[in-house]
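Colleague: The structure follows.
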Amino acid sequence: MPETITIDVPRRGIGSDLTEALAAHGLHAEIIERGDTCEVRVRWADDERERLVAGAVHAIEAYLSDRMLPLVVQRANGGAVVRPPAE
């Protein structure tokens with residue numbers, strides 16, 4: 001069984017946003033609600049390619065940000081594309 005961690009969050013709205021942010025970094029997250037509490041269970045994405053793409057996209061975004069380049073990274077065709085932002 002893959003290693004999993006649990007993160008307590010104050011409400012579902014934050015959990016939903018957090019699952020999307022984690023997915024962008026090659027992580028799989030699911031929201032577990034128990035009455036008034038909410039937690040997010042996190043593990044590495046099953047697909048190694050997905051983890052590789054997420055890591056590369058994150059590194060490219062950091063590179064572009066550090067250099068203040070007017071470009072964005074977009075996932076495409078199982079990889080990524082660096083392009084100017086949409087107008």
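Chain labels run A, B, ... following the order of the structure tokens; each chain numbers its residues from 1, and ligands are numbered from 1 in the order shown.
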At a cut-off of 8 Å, using only C-alpha atoms, what residues contact region 80-83 of chain A? Leave out same-chain residues fewer than 5 positions from it and give the result as a list in words.
Modeller: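 Near neighbours after the sequence-gap exclusion: Val53, Val57, Leu71, Val72, Val73, Gln74 and Arg75 of chain A.
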Colleague: Take the residues that were just selected and, keeping N, CA, C and O atoms, output them as a PDB file, in the first residue's frame.
Modeller:
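The resulting again00.pdb:
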ATOM      1  N   VAL A  53       5.763  14.848 -14.941  1.00  0.00           N
ATOM      2  CA  VAL A  53       5.239  16.059 -15.567  1.00  0.00           C
ATOM      3  C   VAL A  53       4.999  17.138 -14.510  1.00  0.00           C
ATOM      4  O   VAL A  53       5.371  18.300 -14.694  1.00  0.00           O
ATOM      5  N   VAL A  57       6.814  20.724 -14.537  1.00  0.00           N
ATOM      6  CA  VAL A  57       6.017  21.952 -14.633  1.00  0.00           C
ATOM      7  C   VAL A  57       6.318  22.875 -13.454  1.00  0.00           C
ATOM      8  O   VAL A  57       6.521  24.083 -13.634  1.00  0.00           O
ATOM      9  N   LEU A  71       6.092  34.292 -19.491  1.00  0.00           N
ATOM     10  CA  LEU A  71       5.672  33.031 -20.093  1.00  0.00           C
ATOM     11  C   LEU A  71       4.917  32.196 -19.071  1.00  0.00           C
ATOM     12  O   LEU A  71       5.064  32.408 -17.863  1.00  0.00           O
ATOM     13  N   VAL A  72       4.115  31.259 -19.562  1.00  0.00           N
ATOM     14  CA  VAL A  72       3.382  30.339 -18.683  1.00  0.00           C
ATOM     15  C   VAL A  72       3.632  28.906 -19.147  1.00  0.00           C
ATOM     16  O   VAL A  72       4.014  28.669 -20.294  1.00  0.00           O
ATOM     17  N   VAL A  73       3.423  27.969 -18.233  1.00  0.00           N
ATOM     18  CA  VAL A  73       3.568  26.552 -18.547  1.00  0.00           C
ATOM     19  C   VAL A  73       2.171  25.946 -18.577  1.00  0.00           C
ATOM     20  O   VAL A  73       1.354  26.200 -17.694  1.00  0.00           O
ATOM     21  N   GLN A  74       1.921  25.149 -19.590  1.00  0.00           N
ATOM     22  CA  GLN A  74       0.623  24.492 -19.721  1.00  0.00           C
ATOM     23  C   GLN A  74       0.865  23.025 -20.034  1.00  0.00           C
ATOM     24  O   GLN A  74       1.705  22.685 -20.861  1.00  0.00           O
ATOM     25  N   ARG A  75       0.134  22.143 -19.340  1.00  0.00           N
ATOM     26  CA  ARG A  75       0.211  20.718 -19.644  1.00  0.00           C
ATOM     27  C   ARG A  75      -0.410  20.467 -21.013  1.00  0.00           C
ATOM     28  O   ARG A  75      -1.459  21.028 -21.324  1.00  0.00           O
TER      29      ARG A  75
END
Colleague: Would you kindly return, as an MDAnalysis selection string, each protein, DNA or RNA residue with an atom no farther than 12 Å from any atom of region 16-19 of chain A, considering only C-alpha atoms and excluding same-chain residues fewer than 4 positions away?
Modeller: chainID A and resid 7:12 23:33 38:43 45
Colleague: One decimal, Å: what's the distance from CA of Glu61 (chain A) over to CA of Glu3 (chain A), could you say?
Modeller: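 A separation of 27.1 Å between them.
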Colleague: Measuring between only C-alpha atoms, which one of A:Ala54, A:Ala59, A:Leu69, A:Ile5 shows the shortest distance to Pro85 (chain A)?
Modeller: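 Of A:Ala54, A:Ala59, A:Leu69, A:Ile5, the one nearest Pro85 (chain A), counting only C-alpha atoms, is A:Leu69.
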